[in-house]
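Chemist: Below you'll find data-v6.txt; it's compact mmCIF, N, CA and C atoms.
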# COMPACT_ATOMS: atom_id res chain seq x y z
N MET A 65 24.38 147.25 114.85
CA MET A 65 25.46 148.11 115.27
C MET A 65 26.76 147.38 115.02
N SER A 66 27.73 148.04 114.45
CA SER A 66 28.95 147.37 114.06
C SER A 66 30.10 147.62 115.04
N ALA A 67 29.79 148.00 116.25
CA ALA A 67 30.83 148.24 117.25
C ALA A 67 31.51 146.92 117.60
N PRO A 68 32.80 146.97 117.86
CA PRO A 68 33.50 145.74 118.21
C PRO A 68 33.04 145.20 119.55
N THR A 69 33.12 143.90 119.67
CA THR A 69 32.77 143.25 120.92
C THR A 69 34.02 143.12 121.76
N ALA A 70 33.93 143.57 122.99
CA ALA A 70 35.08 143.51 123.90
C ALA A 70 35.24 142.10 124.44
N THR A 71 36.45 141.74 124.77
CA THR A 71 36.71 140.47 125.43
C THR A 71 36.33 140.59 126.89
N PRO A 72 35.55 139.65 127.42
CA PRO A 72 35.12 139.75 128.81
C PRO A 72 36.31 139.75 129.77
N ASP A 73 36.24 140.63 130.75
CA ASP A 73 37.21 140.61 131.84
C ASP A 73 36.70 139.62 132.88
N THR A 74 37.60 138.92 133.52
CA THR A 74 37.17 137.98 134.56
C THR A 74 38.05 138.14 135.78
N HIS A 75 37.55 137.70 136.90
CA HIS A 75 38.33 137.60 138.13
C HIS A 75 37.86 136.35 138.86
N ALA A 76 38.62 135.91 139.81
CA ALA A 76 38.29 134.67 140.51
C ALA A 76 37.27 134.93 141.61
N THR A 77 36.34 134.00 141.75
CA THR A 77 35.40 134.04 142.86
C THR A 77 36.03 133.34 144.05
N GLU A 78 35.32 133.28 145.18
CA GLU A 78 35.85 132.60 146.35
C GLU A 78 36.15 131.14 146.06
N SER A 79 35.38 130.53 145.15
CA SER A 79 35.61 129.12 144.83
C SER A 79 36.77 128.95 143.86
N GLY A 80 37.32 130.07 143.35
CA GLY A 80 38.42 129.98 142.41
C GLY A 80 37.96 130.00 140.96
N ALA A 81 36.66 129.85 140.72
CA ALA A 81 36.14 129.88 139.35
C ALA A 81 36.09 131.32 138.86
N PRO A 82 36.33 131.54 137.57
CA PRO A 82 36.27 132.91 137.08
C PRO A 82 34.83 133.43 137.13
N ALA A 83 34.69 134.70 137.43
CA ALA A 83 33.38 135.36 137.45
C ALA A 83 33.39 136.44 136.39
N MET A 84 32.31 136.57 135.69
CA MET A 84 32.23 137.59 134.64
C MET A 84 32.16 138.96 135.29
N SER A 85 32.89 139.90 134.73
CA SER A 85 32.84 141.26 135.22
C SER A 85 32.65 142.22 134.05
N THR A 86 31.91 141.76 133.06
CA THR A 86 31.65 142.55 131.87
C THR A 86 30.16 142.78 131.72
N ILE A 87 29.83 143.94 131.24
CA ILE A 87 28.45 144.29 130.96
C ILE A 87 28.14 143.89 129.52
N THR A 88 26.98 143.31 129.31
CA THR A 88 26.55 142.89 127.98
C THR A 88 25.41 143.78 127.52
N MET A 89 25.51 144.23 126.26
CA MET A 89 24.43 145.00 125.65
C MET A 89 23.93 144.25 124.42
N TYR A 90 22.64 143.96 124.41
CA TYR A 90 21.98 143.37 123.26
C TYR A 90 21.51 144.54 122.40
N SER A 91 21.85 144.49 121.12
CA SER A 91 21.68 145.63 120.23
C SER A 91 21.24 145.17 118.86
N LYS A 92 21.00 146.12 117.96
CA LYS A 92 20.78 145.83 116.55
C LYS A 92 21.23 147.03 115.73
N PRO A 93 21.53 146.82 114.45
CA PRO A 93 22.02 147.92 113.61
C PRO A 93 21.00 149.06 113.52
N GLY A 94 21.52 150.27 113.48
CA GLY A 94 20.67 151.45 113.31
C GLY A 94 19.96 151.91 114.56
N CYS A 95 20.23 151.30 115.68
CA CYS A 95 19.53 151.64 116.94
C CYS A 95 20.21 152.86 117.59
N VAL A 96 19.50 153.97 117.61
CA VAL A 96 20.04 155.21 118.17
C VAL A 96 20.29 155.06 119.67
N GLN A 97 19.34 154.47 120.38
CA GLN A 97 19.53 154.28 121.83
C GLN A 97 20.70 153.34 122.12
N CYS A 98 20.92 152.36 121.26
CA CYS A 98 22.06 151.45 121.44
C CYS A 98 23.38 152.20 121.30
N ARG A 99 23.47 153.04 120.29
CA ARG A 99 24.69 153.82 120.10
C ARG A 99 24.93 154.76 121.28
N ALA A 100 23.86 155.41 121.76
CA ALA A 100 23.99 156.32 122.90
C ALA A 100 24.43 155.56 124.15
N THR A 101 23.89 154.38 124.34
CA THR A 101 24.25 153.57 125.51
C THR A 101 25.71 153.13 125.42
N ALA A 102 26.14 152.67 124.25
CA ALA A 102 27.54 152.27 124.07
C ALA A 102 28.47 153.45 124.31
N ARG A 103 28.10 154.64 123.83
CA ARG A 103 28.91 155.85 124.08
C ARG A 103 28.96 156.16 125.56
N GLY A 104 27.85 155.99 126.26
CA GLY A 104 27.81 156.25 127.70
C GLY A 104 28.76 155.35 128.46
N PHE A 105 28.77 154.06 128.12
CA PHE A 105 29.70 153.15 128.78
C PHE A 105 31.14 153.48 128.41
N ALA A 106 31.39 153.82 127.15
CA ALA A 106 32.75 154.18 126.73
C ALA A 106 33.22 155.41 127.49
N LYS A 107 32.35 156.41 127.64
CA LYS A 107 32.70 157.63 128.37
C LYS A 107 33.02 157.31 129.83
N ALA A 108 32.33 156.31 130.37
CA ALA A 108 32.56 155.89 131.76
C ALA A 108 33.78 154.98 131.87
N GLY A 109 34.41 154.66 130.74
CA GLY A 109 35.60 153.82 130.76
C GLY A 109 35.32 152.34 130.92
N VAL A 110 34.12 151.91 130.53
CA VAL A 110 33.73 150.52 130.69
C VAL A 110 33.60 149.85 129.32
N ALA A 111 34.36 148.80 129.12
CA ALA A 111 34.22 147.99 127.91
C ALA A 111 32.99 147.11 128.07
N ILE A 112 32.23 146.97 126.99
CA ILE A 112 31.03 146.14 127.03
C ILE A 112 31.08 145.12 125.91
N ASP A 113 30.40 144.01 126.13
CA ASP A 113 30.17 143.04 125.07
C ASP A 113 28.89 143.45 124.37
N ILE A 114 28.93 143.50 123.04
CA ILE A 114 27.76 143.86 122.27
C ILE A 114 27.32 142.65 121.46
N ILE A 115 26.07 142.26 121.65
CA ILE A 115 25.51 141.13 120.93
C ILE A 115 24.43 141.65 120.00
N ASP A 116 24.59 141.41 118.71
CA ASP A 116 23.66 141.88 117.68
C ASP A 116 22.53 140.87 117.57
N VAL A 117 21.34 141.24 118.04
CA VAL A 117 20.21 140.32 118.02
C VAL A 117 19.65 140.10 116.62
N SER A 118 20.05 140.95 115.66
CA SER A 118 19.59 140.74 114.29
C SER A 118 20.33 139.59 113.62
N THR A 119 21.46 139.19 114.16
CA THR A 119 22.23 138.08 113.60
C THR A 119 22.34 136.91 114.58
N ASP A 120 21.76 137.04 115.76
CA ASP A 120 21.83 135.99 116.77
C ASP A 120 20.41 135.64 117.22
N PRO A 121 19.75 134.70 116.53
CA PRO A 121 18.36 134.37 116.87
C PRO A 121 18.19 133.82 118.28
N THR A 122 19.20 133.17 118.81
CA THR A 122 19.11 132.65 120.18
C THR A 122 19.02 133.81 121.17
N ALA A 123 19.86 134.83 120.97
CA ALA A 123 19.83 136.01 121.84
C ALA A 123 18.51 136.74 121.69
N ALA A 124 18.01 136.87 120.47
CA ALA A 124 16.73 137.55 120.24
C ALA A 124 15.60 136.81 120.96
N ALA A 125 15.60 135.49 120.88
CA ALA A 125 14.57 134.69 121.55
C ALA A 125 14.66 134.83 123.07
N MET A 126 15.89 134.88 123.58
CA MET A 126 16.08 135.04 125.03
C MET A 126 15.49 136.37 125.50
N LEU A 127 15.74 137.45 124.75
CA LEU A 127 15.18 138.75 125.14
C LEU A 127 13.66 138.71 125.14
N THR A 128 13.08 138.05 124.14
CA THR A 128 11.62 137.91 124.08
C THR A 128 11.12 137.12 125.28
N ASP A 129 11.83 136.05 125.62
CA ASP A 129 11.46 135.26 126.80
C ASP A 129 11.50 136.10 128.07
N TRP A 130 12.46 137.02 128.13
CA TRP A 130 12.57 137.89 129.29
C TRP A 130 11.51 138.99 129.29
N GLY A 131 10.79 139.15 128.17
CA GLY A 131 9.74 140.16 128.09
C GLY A 131 10.15 141.45 127.41
N TYR A 132 11.35 141.50 126.83
CA TYR A 132 11.81 142.71 126.17
C TYR A 132 11.42 142.68 124.70
N LEU A 133 10.90 143.81 124.22
CA LEU A 133 10.47 143.91 122.84
C LEU A 133 11.32 144.90 122.04
N SER A 134 12.26 145.56 122.70
CA SER A 134 13.12 146.52 122.02
C SER A 134 14.52 146.46 122.62
N VAL A 135 15.46 147.05 121.92
CA VAL A 135 16.84 147.13 122.38
C VAL A 135 17.20 148.59 122.55
N PRO A 136 18.23 148.91 123.29
CA PRO A 136 19.17 148.00 123.90
C PRO A 136 18.62 147.36 125.17
N VAL A 137 19.11 146.17 125.43
CA VAL A 137 18.89 145.52 126.72
C VAL A 137 20.27 145.32 127.32
N ILE A 138 20.43 145.78 128.54
CA ILE A 138 21.70 145.71 129.25
C ILE A 138 21.60 144.65 130.34
N VAL A 139 22.67 143.85 130.47
CA VAL A 139 22.76 142.86 131.54
C VAL A 139 24.10 143.08 132.24
N THR A 140 24.03 143.31 133.54
CA THR A 140 25.23 143.56 134.33
C THR A 140 25.75 142.25 134.93
N PRO A 141 27.00 142.23 135.38
CA PRO A 141 27.56 141.01 135.96
C PRO A 141 26.77 140.48 137.16
N ASP A 142 26.10 141.37 137.88
CA ASP A 142 25.33 140.92 139.05
C ASP A 142 23.89 140.54 138.69
N GLY A 143 23.59 140.50 137.37
CA GLY A 143 22.29 140.03 136.93
C GLY A 143 21.22 141.10 136.74
N GLN A 144 21.54 142.35 136.98
CA GLN A 144 20.56 143.41 136.74
C GLN A 144 20.33 143.54 135.24
N ARG A 145 19.09 143.84 134.86
CA ARG A 145 18.75 144.03 133.45
C ARG A 145 17.87 145.25 133.31
N TRP A 146 18.06 145.95 132.19
CA TRP A 146 17.15 147.04 131.85
C TRP A 146 17.16 147.24 130.35
N ALA A 147 16.14 147.94 129.87
CA ALA A 147 16.03 148.25 128.44
C ALA A 147 16.05 149.75 128.25
N GLY A 148 16.55 150.16 127.10
CA GLY A 148 16.57 151.57 126.74
C GLY A 148 17.84 152.26 127.19
N HIS A 149 17.99 153.48 126.70
CA HIS A 149 19.15 154.30 127.08
C HIS A 149 18.86 154.94 128.43
N ARG A 150 19.61 154.51 129.45
CA ARG A 150 19.40 154.98 130.82
C ARG A 150 20.72 155.50 131.39
N PRO A 151 21.04 156.77 131.17
CA PRO A 151 22.30 157.32 131.68
C PRO A 151 22.50 157.08 133.18
N ASP A 152 21.43 157.15 133.96
CA ASP A 152 21.55 156.93 135.40
C ASP A 152 21.99 155.50 135.70
N ARG A 153 21.43 154.54 135.00
CA ARG A 153 21.80 153.14 135.21
C ARG A 153 23.21 152.85 134.69
N ILE A 154 23.60 153.52 133.59
CA ILE A 154 24.96 153.36 133.06
C ILE A 154 25.97 153.80 134.12
N THR A 155 25.74 154.96 134.71
CA THR A 155 26.63 155.49 135.75
C THR A 155 26.72 154.54 136.93
N ASP A 156 25.56 154.07 137.40
CA ASP A 156 25.54 153.15 138.55
C ASP A 156 26.24 151.83 138.23
N ALA A 157 26.00 151.28 137.04
CA ALA A 157 26.61 150.00 136.66
C ALA A 157 28.11 150.15 136.51
N ALA A 158 28.55 151.26 135.92
CA ALA A 158 30.00 151.49 135.76
C ALA A 158 30.67 151.61 137.12
N ARG A 159 30.04 152.31 138.05
CA ARG A 159 30.60 152.47 139.40
C ARG A 159 30.68 151.11 140.10
N ALA A 160 29.63 150.33 140.02
CA ALA A 160 29.61 149.01 140.67
C ALA A 160 30.67 148.09 140.07
N LEU A 161 30.84 148.16 138.75
CA LEU A 161 31.84 147.32 138.10
C LEU A 161 33.25 147.71 138.53
N ARG A 162 33.50 149.00 138.61
CA ARG A 162 34.83 149.46 139.07
C ARG A 162 35.09 149.02 140.51
N GLU A 163 34.07 149.16 141.38
CA GLU A 163 34.23 148.76 142.78
C GLU A 163 34.46 147.25 142.88
N ASP A 164 33.75 146.47 142.08
CA ASP A 164 33.92 145.02 142.10
C ASP A 164 35.30 144.64 141.62
N ASN A 165 35.79 145.28 140.57
CA ASN A 165 37.12 144.98 140.06
C ASN A 165 38.20 145.38 141.06
N LEU A 166 37.99 146.48 141.79
CA LEU A 166 38.95 146.87 142.82
C LEU A 166 38.97 145.85 143.95
N ALA A 167 37.81 145.35 144.32
CA ALA A 167 37.72 144.38 145.41
C ALA A 167 38.40 143.06 145.02
N CYS A 168 38.42 142.74 143.72
CA CYS A 168 39.01 141.49 143.25
C CYS A 168 40.48 141.63 142.92
N ALA A 169 41.01 142.85 142.97
CA ALA A 169 42.42 143.06 142.62
C ALA A 169 43.32 142.43 143.68
N PRO A 170 44.45 141.88 143.25
CA PRO A 170 45.39 141.30 144.23
C PRO A 170 45.90 142.38 145.18
N HIS A 171 46.05 142.01 146.42
CA HIS A 171 46.51 142.97 147.44
C HIS A 171 47.95 142.71 147.78
Now that the file is in, can you turn its structure into structure tokens?
Modeler:
Amino acid sequence: MSAPTATPDTHATESGAPAMSTITMYSKPGCVQCRATARGFAKAGVAIDIIDVSTDPTAAAMLTDWGYLSVPVIVTPDGQRWAGHRPDRITDAARALREDNLACAPH
């Protein structure tokens, strides 16, 4: 998939260290479910990092180690993972990311 990779958004944790607040999608060219998932996140207003496992053998090996045999594989900032196009999970992850970003906004 040739979609651009977004720059990760970060915010400070209680310790002051930056915390990732970006969703990562592991993908490969020609993947219909990957394109649908990326469109779902875009529709929800969420920028995602896209990692092409066909050009990143380390990422491909990591997915295999995790037990995934197909893409897309989604990883959320809170560590949740799933495979396949899951509109319900996209909606939930987008909502959680928005709530987390609101909680981290300066008051």
Chemist: Please indicate the distance in Å from atom C of Val135 in chain A to atom N of Pro93 in chain A, rounded to one decimal place.
Modeler: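 We find that atom C of Val135 in chain A and atom N of Pro93 in chain A lie 9.4 Å from each other.
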Chemist: Considering all atoms listed in the file, return as a PyMOL selection string whatever protein or nucleic-acid residues lie within 5 Å of range 136-140 of chain A, sequence-local ones (same chain, fewer than 3 positions apart) excluded.
Modeler: chain A and resi 87-90+98+143-148
Chemist: Report, in Å to a single decimal, how far apart CA of Arg159 in chain A and CA of Ala124 in chain A are.
Modeler: 28.0 Å
Chemist: May I ask for the distance between atom N of Ala108 in chain A and CA of Ser134 in chain A, given in Å to one decimal place?
Modeler: 23.1 Å
Chemist: So that all listed atoms of range 110-128 of chain A fit with 6 Å spare on each side, what axis-aligned box centre and edge lengths in Å, to one decimal, would you give as AutoDock Vina command-line options?
Modeler:
--center_x 22.7 --center_y 142.3 --center_z 122.1 --size_x 35.2 --size_y 31.3 --size_z 29.1
